[in-house]
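Shown next: entry-v3.cif, containing mmCIF, C-alpha atoms.
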data_protein
#
loop_
_atom_site.group_PDB
_atom_site.id
_atom_site.type_symbol
_atom_site.label_atom_id
_atom_site.label_comp_id
_atom_site.auth_asym_id
_atom_site.auth_seq_id
_atom_site.Cartn_x
_atom_site.Cartn_y
_atom_site.Cartn_z
ATOM 1 C CA MET P 1158 93.720 79.092 7.435
ATOM 2 C CA ARG P 1159 95.394 79.760 10.817
ATOM 3 C CA LYS P 1160 96.605 76.150 11.011
ATOM 4 C CA VAL P 1161 98.219 76.325 7.580
ATOM 5 C CA LEU P 1162 99.862 79.632 8.434
ATOM 6 C CA GLY P 1163 101.184 78.195 11.711
ATOM 7 C CA LEU P 1164 102.536 75.120 9.942
ATOM 8 C CA LEU P 1165 104.316 77.222 7.318
ATOM 9 C CA THR P 1166 105.823 79.459 10.022
ATOM 10 C CA GLY P 1167 107.120 76.395 11.912
ATOM 11 C CA VAL P 1168 108.648 74.902 8.754
ATOM 12 C CA ALA P 1169 110.307 78.237 7.923
ATOM 13 C CA LEU P 1170 111.817 78.494 11.438
ATOM 14 C CA VAL P 1171 113.197 74.957 11.311
ATOM 15 C CA ALA P 1172 114.619 75.489 7.818
ATOM 16 C CA GLY P 1173 116.237 78.754 8.908
ATOM 17 C CA ALA P 1174 117.810 77.149 11.980
ATOM 18 C CA MET P 1175 119.185 74.293 9.875
ATOM 19 C CA ALA P 1176 120.622 76.736 7.333
ATOM 20 C CA VAL P 1177 122.417 78.675 10.080
ATOM 21 C CA TRP P 1178 123.799 75.436 11.550
ATOM 22 C CA PHE P 1179 125.059 74.212 8.152
ATOM 23 C CA LEU P 1180 126.690 77.559 7.391
ATOM 24 C CA TYR P 1181 128.372 77.684 10.789
ATOM 25 C CA SER P 1182 129.691 74.123 10.590
ATOM 26 C CA ALA P 1183 130.950 74.627 7.032
ATOM 27 C CA HIS P 1184 132.841 77.816 7.901
ATOM 28 C CA ASN P 1185 133.977 77.047 11.461
ATOM 29 C CA PRO P 1186 137.735 77.721 11.486
ATOM 30 C CA HIS P 1187 138.274 75.517 14.575
ATOM 31 C CA LYS P 1188 136.541 72.347 13.423
ATOM 32 C CA ASP P 1189 139.687 70.648 12.086
ATOM 33 C CA GLN P 1190 141.944 71.572 14.988
ATOM 34 C CA PRO P 1191 142.731 68.821 17.508
ATOM 35 C CA ALA P 1192 141.290 69.116 20.970
ATOM 36 C CA ALA P 1193 143.512 70.756 23.558
ATOM 37 C CA ALA P 1194 145.850 68.371 25.329
ATOM 38 C CA PRO P 1195 145.101 67.641 28.956
ATOM 39 C CA VAL P 1196 146.883 69.909 31.395
ATOM 40 C CA ALA P 1197 148.449 67.020 33.319
ATOM 41 C CA ALA P 1198 148.942 63.371 32.460
ATOM 42 C CA ILE P 1199 147.079 61.183 34.913
ATOM 43 C CA ALA P 1200 149.044 58.352 36.518
ATOM 44 C CA TRP P 1201 146.598 55.456 36.905
ATOM 45 C CA GLY P 1202 149.327 53.026 37.915
ATOM 46 C CA ARG P 1203 151.026 53.974 41.168
ATOM 47 C CA THR P 1204 153.436 52.370 43.571
ATOM 48 C CA ALA P 1205 151.737 49.386 45.214
ATOM 49 C CA VAL P 1206 152.004 49.522 48.990
ATOM 50 C CA ASP P 1207 150.403 47.945 52.035
ATOM 51 C CA ALA P 1208 148.354 49.939 54.549
ATOM 52 C CA ASP P 1209 151.485 51.209 56.338
ATOM 53 C CA GLY P 1210 153.037 52.236 53.024
ATOM 54 C CA LEU P 1211 149.909 54.204 52.117
ATOM 55 C CA ALA P 1212 150.196 56.096 55.383
ATOM 56 C CA GLU P 1213 153.847 56.861 54.662
ATOM 57 C CA ARG P 1214 153.419 57.903 51.016
ATOM 58 C CA SER P 1215 149.991 59.573 51.105
ATOM 59 C CA GLY P 1216 149.390 60.310 54.782
ATOM 60 C CA VAL P 1217 146.076 58.434 54.992
ATOM 61 C CA ARG P 1218 144.651 55.094 56.103
ATOM 62 C CA ILE P 1219 141.718 53.434 54.340
ATOM 63 C CA THR P 1220 138.912 52.721 56.789
ATOM 64 C CA GLN P 1221 136.246 51.417 54.412
ATOM 65 C CA VAL P 1222 135.348 50.628 50.838
ATOM 66 C CA ALA P 1223 131.669 49.750 50.570
ATOM 67 C CA VAL P 1224 128.962 49.419 47.952
ATOM 68 C CA THR P 1225 126.012 51.721 48.698
ATOM 69 C CA GLY P 1226 123.069 53.278 46.899
ATOM 70 C CA GLY P 1227 121.613 49.957 45.774
ATOM 71 C CA GLY P 1228 124.944 49.032 44.178
ATOM 72 C CA GLY P 1229 125.273 52.174 42.089
ATOM 73 C CA LEU P 1230 127.745 53.918 44.388
ATOM 74 C CA LEU P 1231 131.075 53.071 45.961
ATOM 75 C CA ASP P 1232 131.854 54.711 49.325
ATOM 76 C CA LEU P 1233 135.572 55.123 50.090
ATOM 77 C CA ARG P 1234 136.478 56.404 53.549
ATOM 78 C CA PHE P 1235 139.934 57.298 54.733
ATOM 79 C CA GLN P 1236 141.427 58.778 57.877
ATOM 80 C CA VAL P 1237 144.085 61.469 57.620
ATOM 81 C CA LEU P 1238 147.229 60.666 59.593
ATOM 82 C CA ASP P 1239 149.583 63.286 58.137
ATOM 83 C CA PRO P 1240 147.828 66.348 56.656
ATOM 84 C CA ASN P 1241 150.939 67.477 54.751
ATOM 85 C CA ARG P 1242 151.253 64.169 52.893
ATOM 86 C CA ALA P 1243 147.480 63.885 52.479
ATOM 87 C CA ASN P 1244 147.527 67.045 50.364
ATOM 88 C CA SER P 1245 148.884 64.825 47.561
ATOM 89 C CA LEU P 1246 145.257 63.673 47.188
ATOM 90 C CA HIS P 1247 144.542 67.093 45.639
ATOM 91 C CA ASP P 1248 147.154 66.596 42.878
ATOM 92 C CA ALA P 1249 145.500 66.536 39.433
ATOM 93 C CA THR P 1250 148.018 63.944 38.177
ATOM 94 C CA THR P 1251 147.032 61.464 40.903
ATOM 95 C CA PRO P 1252 143.239 61.599 41.252
ATOM 96 C CA PRO P 1253 141.585 59.042 43.511
ATOM 97 C CA ALA P 1254 140.211 55.903 41.897
ATOM 98 C CA VAL P 1255 139.191 52.334 42.606
ATOM 99 C CA ILE P 1256 140.121 49.506 40.233
ATOM 100 C CA ASP P 1257 138.219 46.226 40.195
ATOM 101 C CA GLU P 1258 140.968 43.591 40.201
ATOM 102 C CA SER P 1259 138.957 40.915 38.379
ATOM 103 C CA SER P 1260 137.868 43.066 35.411
ATOM 104 C CA GLY P 1261 140.329 45.984 35.428
ATOM 105 C CA LEU P 1262 137.425 48.465 35.473
ATOM 106 C CA VAL P 1263 138.584 51.867 36.737
ATOM 107 C CA VAL P 1264 135.960 53.643 38.838
ATOM 108 C CA ARG P 1265 136.997 57.287 39.008
ATOM 109 C CA ASP P 1266 133.919 59.468 38.527
ATOM 110 C CA LEU P 1267 132.907 61.060 41.788
ATOM 111 C CA LEU P 1268 129.225 61.459 42.528
ATOM 112 C CA MET P 1269 128.289 64.992 41.486
ATOM 113 C CA SER P 1270 132.054 65.720 41.100
ATOM 114 C CA HIS P 1271 132.265 66.122 44.880
ATOM 115 C CA ALA P 1272 135.746 66.093 46.382
ATOM 116 C CA HIS P 1273 137.324 67.659 49.434
ATOM 117 C CA THR P 1274 139.121 70.950 48.898
ATOM 118 C CA GLY P 1275 141.397 72.754 51.277
ATOM 119 C CA LYS P 1276 143.664 71.406 53.980
ATOM 120 C CA TYR P 1277 143.084 68.103 55.690
ATOM 121 C CA THR P 1278 142.942 67.729 59.469
ATOM 122 C CA ALA P 1279 144.840 64.967 61.290
ATOM 123 C CA GLY P 1280 142.554 62.348 62.809
ATOM 124 C CA GLU P 1281 139.535 63.271 60.665
ATOM 125 C CA THR P 1282 137.829 60.734 58.433
ATOM 126 C CA TYR P 1283 136.905 61.896 54.928
ATOM 127 C CA TYR P 1284 134.895 60.207 52.219
ATOM 128 C CA LEU P 1285 134.730 59.956 48.449
ATOM 129 C CA VAL P 1286 131.624 58.564 46.768
ATOM 130 C CA PHE P 1287 132.248 57.162 43.302
ATOM 131 C CA GLU P 1288 129.678 56.283 40.678
ATOM 132 C CA ASN P 1289 129.671 52.493 40.232
ATOM 133 C CA PRO P 1290 128.251 52.080 36.721
ATOM 134 C CA GLY P 1291 126.388 48.860 36.116
ATOM 135 C CA ASN P 1292 127.060 47.722 39.681
ATOM 136 C CA TRP P 1293 130.375 46.291 38.433
ATOM 137 C CA ILE P 1294 132.055 46.395 41.811
ATOM 138 C CA ARG P 1295 130.092 44.358 44.338
ATOM 139 C CA ARG P 1296 130.338 43.357 47.973
ATOM 140 C CA GLY P 1297 133.182 40.870 48.304
ATOM 141 C CA SER P 1298 135.059 42.191 45.244
ATOM 142 C CA LYS P 1299 138.780 42.793 45.591
ATOM 143 C CA VAL P 1300 139.895 46.241 44.473
ATOM 144 C CA SER P 1301 142.986 48.404 44.278
ATOM 145 C CA VAL P 1302 142.479 51.810 45.873
ATOM 146 C CA LEU P 1303 144.476 54.706 44.410
ATOM 147 C CA LEU P 1304 144.985 57.583 46.816
ATOM 148 C CA GLY P 1305 147.652 60.202 46.342
ATOM 149 C CA LYS P 1306 151.005 58.743 45.352
ATOM 150 C CA ALA P 1307 150.219 55.101 46.122
ATOM 151 C CA GLN P 1308 147.791 52.262 45.662
ATOM 152 C CA VAL P 1309 146.688 49.536 48.049
ATOM 153 C CA GLU P 1310 145.790 46.267 46.377
ATOM 154 C CA HIS P 1311 143.434 43.458 47.403
ATOM 155 C CA VAL P 1312 141.074 45.588 49.474
ATOM 156 C CA VAL P 1313 137.851 43.662 50.053
ATOM 157 C CA VAL P 1314 134.677 45.667 49.401
ATOM 158 C CA ARG P 1315 131.997 45.573 52.100
#

Can you present the structure in this file as structure tokens?
Amino acid sequence: MRKVLGLLTGVALVAGAMAVWFLYSAHNPHKDQPAAAPVAAIAWGRTAVDADGLAERSGVRITQVAVTGGGGLLDLRFQVLDPNRANSLHDATTPPAVIDESSGLVVRDLLMSHAHTGKYTAGETYYLVFENPGNWIRRGSKVSVLLGKAQVEHVVVR
């Protein structure tokens, strides 16, 4: 008898939860409204420069792009040359990214959403670790690195 009573109680709870969900979704005044527009449009294409141009536009120099974590991560290291220009790396319209030149895949998701905040220090080396889904970018790949207001093309991944 206890088993039957328990089963009926479980069925009643599930049915009640489904009824509440159906009522909410049928009468939700916001369901047909479009999602809010992004705050800032992201510029994935930026002015292509060489290493010296990156230093001039974004105040940094790339020191390494390497595959790590068994291929699932991409480690980007850069040295700050001009802290004032390097602050452009914090701009929401120009987030850092790496683009695989052979496939066009944009790798932009940082591991655990980690990114530097605050002011940069001249001479210091900083890092960004991107998720590399499916190990798309591999050692020897050529990539474009987007940092701040510029991008450096044909960077060979270690």

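Taken over the shown file, the PyMOL selection byres ((chain P and resi 1257) around 7) identifies Val1255, Ile1256, Glu1258, Ser1259, Ser1260, Gly1261, Leu1262, Val1263, Ile1294, Lys1299, Val1300 and Ser1301 of chain P.
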
Would you mind telling me which residue in P:Leu1233, P:Val1224, P:Ala1272, P:Leu1211 lies nearest to Gly1305 of chain P when using all atoms listed in the file? P:Leu1211

Would you mind telling me which residue in P:Val1312, P:Ser1298, P:Val1206, P:Phe1287 lies nearest to Asp1266 of chain P when using only C-alpha atoms? P:Phe1287

Let me know the residues the PyMOL selection byres ((chain P and resi 1273) around 10) catches in the file above, as a tab-separated table (two decimals) with C-alpha atoms, in the frame of the given file.
chain	number	residue	atom	x	y	z
P	1246	LEU	CA	145.26	63.67	47.19
P	1247	HIS	CA	144.54	67.09	45.64
P	1271	HIS	CA	132.26	66.12	44.88
P	1272	ALA	CA	135.75	66.09	46.38
P	1274	THR	CA	139.12	70.95	48.90
P	1275	GLY	CA	141.40	72.75	51.28
P	1276	LYS	CA	143.66	71.41	53.98
P	1277	TYR	CA	143.08	68.10	55.69
P	1283	TYR	CA	136.90	61.90	54.93
P	1284	TYR	CA	134.90	60.21	52.22
P	1285	LEU	CA	134.73	59.96	48.45

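Comparing P:Gly1216, P:Gly1227, P:Pro1252, P:Pro1240 by their smallest distance to Arg1295 of chain P, the closest is P:Gly1227 (using only C-alpha atoms).
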
N, CA and C atoms are what I want for segment 1238-1260 of chain P; can you complete it accordingly and write them as a PDB file, in the frame of the given file?
ATOM      1  N   LEU P1238     146.215  60.832  58.552  1.00  0.00           N
ATOM      2  CA  LEU P1238     147.229  60.666  59.593  1.00  0.00           C
ATOM      3  C   LEU P1238     148.251  61.792  59.538  1.00  0.00           C
ATOM      4  N   ASP P1239     148.612  62.209  58.339  1.00  0.00           N
ATOM      5  CA  ASP P1239     149.583  63.286  58.137  1.00  0.00           C
ATOM      6  C   ASP P1239     148.995  64.257  57.110  1.00  0.00           C
ATOM      7  N   PRO P1240     148.475  65.402  57.574  1.00  0.00           N
ATOM      8  CA  PRO P1240     147.828  66.348  56.656  1.00  0.00           C
ATOM      9  C   PRO P1240     148.737  66.842  55.531  1.00  0.00           C
ATOM     10  N   ASN P1241     150.023  66.999  55.793  1.00  0.00           N
ATOM     11  CA  ASN P1241     150.939  67.477  54.751  1.00  0.00           C
ATOM     12  C   ASN P1241     151.047  66.468  53.618  1.00  0.00           C
ATOM     13  N   ARG P1242     151.186  65.203  53.931  1.00  0.00           N
ATOM     14  CA  ARG P1242     151.253  64.169  52.893  1.00  0.00           C
ATOM     15  C   ARG P1242     149.897  63.953  52.244  1.00  0.00           C
ATOM     16  N   ALA P1243     148.835  64.099  53.013  1.00  0.00           N
ATOM     17  CA  ALA P1243     147.480  63.885  52.479  1.00  0.00           C
ATOM     18  C   ALA P1243     147.133  64.906  51.408  1.00  0.00           C
ATOM     19  N   ASN P1244     147.793  66.039  51.405  1.00  0.00           N
ATOM     20  CA  ASN P1244     147.527  67.045  50.364  1.00  0.00           C
ATOM     21  C   ASN P1244     147.846  66.524  48.973  1.00  0.00           C
ATOM     22  N   SER P1245     148.614  65.425  48.875  1.00  0.00           N
ATOM     23  CA  SER P1245     148.884  64.825  47.561  1.00  0.00           C
ATOM     24  C   SER P1245     147.592  64.305  46.927  1.00  0.00           C
ATOM     25  N   LEU P1246     146.538  64.116  47.729  1.00  0.00           N
ATOM     26  CA  LEU P1246     145.257  63.673  47.188  1.00  0.00           C
ATOM     27  C   LEU P1246     144.619  64.741  46.312  1.00  0.00           C
ATOM     28  N   HIS P1247     145.070  65.990  46.447  1.00  0.00           N
ATOM     29  CA  HIS P1247     144.542  67.093  45.639  1.00  0.00           C
ATOM     30  C   HIS P1247     145.271  67.236  44.300  1.00  0.00           C
ATOM     31  N   ASP P1248     146.344  66.475  44.087  1.00  0.00           N
ATOM     32  CA  ASP P1248     147.154  66.596  42.878  1.00  0.00           C
ATOM     33  C   ASP P1248     146.373  66.079  41.665  1.00  0.00           C
ATOM     34  N   ALA P1249     146.266  66.902  40.635  1.00  0.00           N
ATOM     35  CA  ALA P1249     145.500  66.536  39.433  1.00  0.00           C
ATOM     36  C   ALA P1249     146.102  65.351  38.684  1.00  0.00           C
ATOM     37  N   THR P1250     147.390  65.078  38.871  1.00  0.00           N
ATOM     38  CA  THR P1250     148.018  63.944  38.177  1.00  0.00           C
ATOM     39  C   THR P1250     147.781  62.628  38.904  1.00  0.00           C
ATOM     40  N   THR P1251     147.295  62.683  40.143  1.00  0.00           N
ATOM     41  CA  THR P1251     147.032  61.464  40.903  1.00  0.00           C
ATOM     42  C   THR P1251     145.635  61.492  41.530  1.00  0.00           C
ATOM     43  N   PRO P1252     144.601  61.559  40.696  1.00  0.00           N
ATOM     44  CA  PRO P1252     143.239  61.599  41.252  1.00  0.00           C
ATOM     45  C   PRO P1252     142.889  60.266  41.911  1.00  0.00           C
ATOM     46  N   PRO P1253     141.993  60.291  42.866  1.00  0.00           N
ATOM     47  CA  PRO P1253     141.585  59.042  43.511  1.00  0.00           C
ATOM     48  C   PRO P1253     140.805  58.162  42.544  1.00  0.00           C
ATOM     49  N   ALA P1254     140.939  56.858  42.739  1.00  0.00           N
ATOM     50  CA  ALA P1254     140.211  55.903  41.897  1.00  0.00           C
ATOM     51  C   ALA P1254     140.173  54.556  42.601  1.00  0.00           C
ATOM     52  N   VAL P1255     139.285  53.706  42.128  1.00  0.00           N
ATOM     53  CA  VAL P1255     139.191  52.334  42.606  1.00  0.00           C
ATOM     54  C   VAL P1255     139.183  51.448  41.374  1.00  0.00           C
ATOM     55  N   ILE P1256     140.020  50.404  41.384  1.00  0.00           N
ATOM     56  CA  ILE P1256     140.121  49.506  40.233  1.00  0.00           C
ATOM     57  C   ILE P1256     139.669  48.111  40.654  1.00  0.00           C
ATOM     58  N   ASP P1257     138.673  47.587  39.949  1.00  0.00           N
ATOM     59  CA  ASP P1257     138.219  46.226  40.195  1.00  0.00           C
ATOM     60  C   ASP P1257     139.303  45.276  39.689  1.00  0.00           C
ATOM     61  N   GLU P1258     139.836  44.440  40.573  1.00  0.00           N
ATOM     62  CA  GLU P1258     140.968  43.591  40.201  1.00  0.00           C
ATOM     63  C   GLU P1258     140.586  42.454  39.258  1.00  0.00           C
ATOM     64  N   SER P1259     139.336  42.020  39.261  1.00  0.00           N
ATOM     65  CA  SER P1259     138.957  40.915  38.379  1.00  0.00           C
ATOM     66  C   SER P1259     138.709  41.376  36.945  1.00  0.00           C
ATOM     67  N   SER P1260     138.198  42.595  36.765  1.00  0.00           N
ATOM     68  CA  SER P1260     137.868  43.066  35.411  1.00  0.00           C
ATOM     69  C   SER P1260     138.796  44.169  34.903  1.00  0.00           C
TER      70      SER P1260
END
